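Chemist: Next up is a structure, given as structure tokens.
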Amino acid sequence: MSAPLTGKVALVAGATRGAGRGIAVELGAAGATVYVTGRSTRARRSEYDRPETIEETAELVTAAGGHGIAVPADHLDPEQVRAVVDRIAREQDRLDVLVNDIWGGESLFDWEAPVWEHDLDKGLRLLRLAVETHAITSHHALPLLLRRPGGLVVEVTDGTADYNRDHYRVSFFYDLAKTAVLRMGFALGHELGPRGATAVALTPGWLRSEIMLDHFEVTEDTWRDALAKDPHFTISETPRYVGRAVAALAADPGVSRFNGRSLSSGGLAREYGFTDLDGSSPDAWRYIVEVQDPGKPADVTGYR
């Protein structure tokens, strides 16, 4: 089997579940050594109070063919992040891929609540978790990534730059957070490009994360049962799909052509030819614009 990332080292910050876990596993499947960070461990859960742990993610990375290393870290704490990077430098003397996927805001936003009615403490906490964490991680990790040319930084967000520019996203705080991360990909591209590295912003489509599956009271095996509640869920994708997008970018010697750009899992599937686990190639953001938002009946013909 091809392992194009053998010898490469990645840090997936926020890899406990969802997109972060899917990305970590697919980097492992491509042969990388992957450090996975998060606050949920077998010894202690975060405020999410969910069963997924970074140790489990690391084991999945190793089972996929890579080398998974779990490191507990709160990315709001600069000293903890510094310690993670120092450990990678000490053990590997390199960092080839940085994935900023820290989020933690699922319970902190109210749909359609205007800023003056939104809980202020929750909104500000969301911004800290979704924006400040990324800045802290980049500050500490990028000097190590820049030791060798060809490094890749992936800022994971929700929505493409084009879509988020023209659409209000959920609430003031959510909208601001996701747009800020898109801008991080652009700004880091400006700073990293002349130094031999590449930065992008990347969005999955409608993600069948553990939390989303629980919301619909389905499993990955029974996810189509959720279509009775929301037929447009038919365009959804597994976290491994965006993982394959990151693995394809990391293995591409010409990845610098994407520097500073906003990308999507569906768009990169067309570029690189990978599929989701079921062999399909969902293009969620094109579907949302052309089918879901105009109020058309759910029909993924031509979109996966």
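Residues in the structure tokens are numbered from 1 in each chain, the chains being A, B, ... in the order shown, and ligands are numbered from 1 in the order shown.
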Quick one: residues within 10 Å of Leu76 of chain A, only C-alpha atoms counted, chain neighbours fewer than 3 positions away excluded, as a PyMOL selection string?

Modeler: chain A and resi 73+79-81+102+128-137

Chemist: Mind dumping a table of every segment 210-261 of chain A residue within 8 Å of segment 149-156 of chain A, with the nearest atom pair and its distance in Å to one decimal, using only C-alpha atoms, sorted by chain and rising number, as JSON lines?

Modeler:
{"residue": "A:Val246", "atom": "CA", "partner": "A:Val154", "partner_atom": "CA", "distance": 7.6}
{"residue": "A:Ala250", "atom": "CA", "partner": "A:Leu152", "partner_atom": "CA", "distance": 6.6}
{"residue": "A:Pro253", "atom": "CA", "partner": "A:Gly150", "partner_atom": "CA", "distance": 7.9}

Chemist: Report, in Å with one decimal, the straight-line distance from atom CA of Pro297 of chain A to atom CA of Asp230 of chain A.

Modeler: 10.8 Å

Chemist: Per DSSP on the backbone, what are the helix (DSSP H, G or I) residues of segment 109-212 of chain A, as a ChimeraX atom specification?

Modeler: /A:120-145,161-166,172-195,210-212

Chemist: Do you know which residues are at most 6 Å from segment 58-61 of chain A counting only C-alpha atoms, after dropping those on the same chain fewer than 3 positions away, and could you put them as an MDAnalysis selection string?

Modeler: chainID A and resid 25 28 55 64 66 68:70

Chemist: Pull N, CA, C and O atoms from the residues just selected and write them as a CSV table (one decimal), in the first residue's frame.

Modeler:
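Written output follows (out33.csv):
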chain,number,residue,atom,x,y,z
A,25,VAL,N,-6.5,10.2,11.6
A,25,VAL,CA,-6.5,8.8,11.1
A,25,VAL,C,-6.0,8.7,9.6
A,25,VAL,O,-5.2,7.9,9.3
A,28,GLY,N,-2.4,9.2,9.4
A,28,GLY,CA,-1.8,7.9,9.8
A,28,GLY,C,-1.8,6.9,8.7
A,28,GLY,O,-0.9,6.2,8.4
A,55,GLU,N,-6.5,9.4,23.4
A,55,GLU,CA,-5.8,8.1,23.4
A,55,GLU,C,-6.4,7.2,22.4
A,55,GLU,O,-5.7,6.5,21.6
A,64,ALA,N,-4.3,2.5,11.6
A,64,ALA,CA,-4.5,2.8,10.2
A,64,ALA,C,-3.1,2.7,9.4
A,64,ALA,O,-3.1,2.7,8.2
A,66,GLY,N,-0.1,4.4,10.7
A,66,GLY,CA,0.9,5.5,11.1
A,66,GLY,C,1.3,5.2,12.5
A,66,GLY,O,1.3,4.1,13.0
A,68,GLY,N,0.5,7.0,16.1
A,68,GLY,CA,-0.3,8.0,16.8
A,68,GLY,C,0.3,8.2,18.2
A,68,GLY,O,0.6,7.2,18.9
A,69,ILE,N,0.4,9.5,18.6
A,69,ILE,CA,0.9,9.8,19.9
A,69,ILE,C,0.0,10.8,20.5
A,69,ILE,O,-0.2,11.9,20.0
A,70,ALA,N,-0.6,10.5,21.6
A,70,ALA,CA,-1.6,11.3,22.3
A,70,ALA,C,-0.9,12.2,23.3
A,70,ALA,O,-0.1,11.7,24.2

Chemist: What's around Leu207 of chain A at 10 Å? Count only C-alpha atoms, leave out sequence neighbours fewer than 4 positions away in its own chain, and write the answer as an NGL selection string.

Modeler: :A and (18-19 or 158 or 203 or 211-213 or 233 or 235-242 or 284)

Chemist: Taking only C-alpha atoms into account, which of A:Ala13, A:Ala141, A:Pro78, A:Gly189 comes nearest Arg257 of chain A?

Modeler: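 Closest to Arg257 of chain A, using only C-alpha atoms: A:Gly189.
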
Chemist: My list of candidates is A:Phe109, A:Phe186, A:Trp223, A:Phe274. Which is closest to Leu124 of chain A when distances are computed with only C-alpha atoms?

Modeler: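 So, comparing all the options, the nearest one is A:Phe109.
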
Chemist: Could you produce a table of the residues of segment 50-145 of chain A lying within 7 Å of segment 168-183 of chain A, with the nearest pair of atoms per residue and their separation in Å rounded to one decimal, using only C-alpha atoms, ordered by chain and increasing residue number, as a Markdown table?

Modeler:
| residue | atom | partner | partner_atom | distance |
| --- | --- | --- | --- | --- |
| A:Phe109 | CA | A:Tyr174 | CA | 6.7 |
| A:Asp110 | CA | A:Ser171 | CA | 6.7 |
| A:Trp111 | CA | A:Val170 | CA | 5.1 |
| A:Glu112 | CA | A:Ser171 | CA | 5.2 |
| A:Ala113 | CA | A:Ser171 | CA | 5.9 |
| A:Pro114 | CA | A:Phe172 | CA | 6.6 |
| A:Val115 | CA | A:Phe172 | CA | 5.8 |
| A:Gly123 | CA | A:Phe173 | CA | 5.6 |
| A:Leu127 | CA | A:Ala177 | CA | 5.8 |
| A:Ala130 | CA | A:Ala177 | CA | 6.0 |
| A:Val131 | CA | A:Ala177 | CA | 6.3 |

Chemist: Excluding Gly267 of chain A and residues on its chain fewer than 4 positions from it, collect all residues at most 7 Å away from it, counting only C-alpha atoms, and give them as a PyMOL selection string.

Modeler: chain A and resi 263+271+283
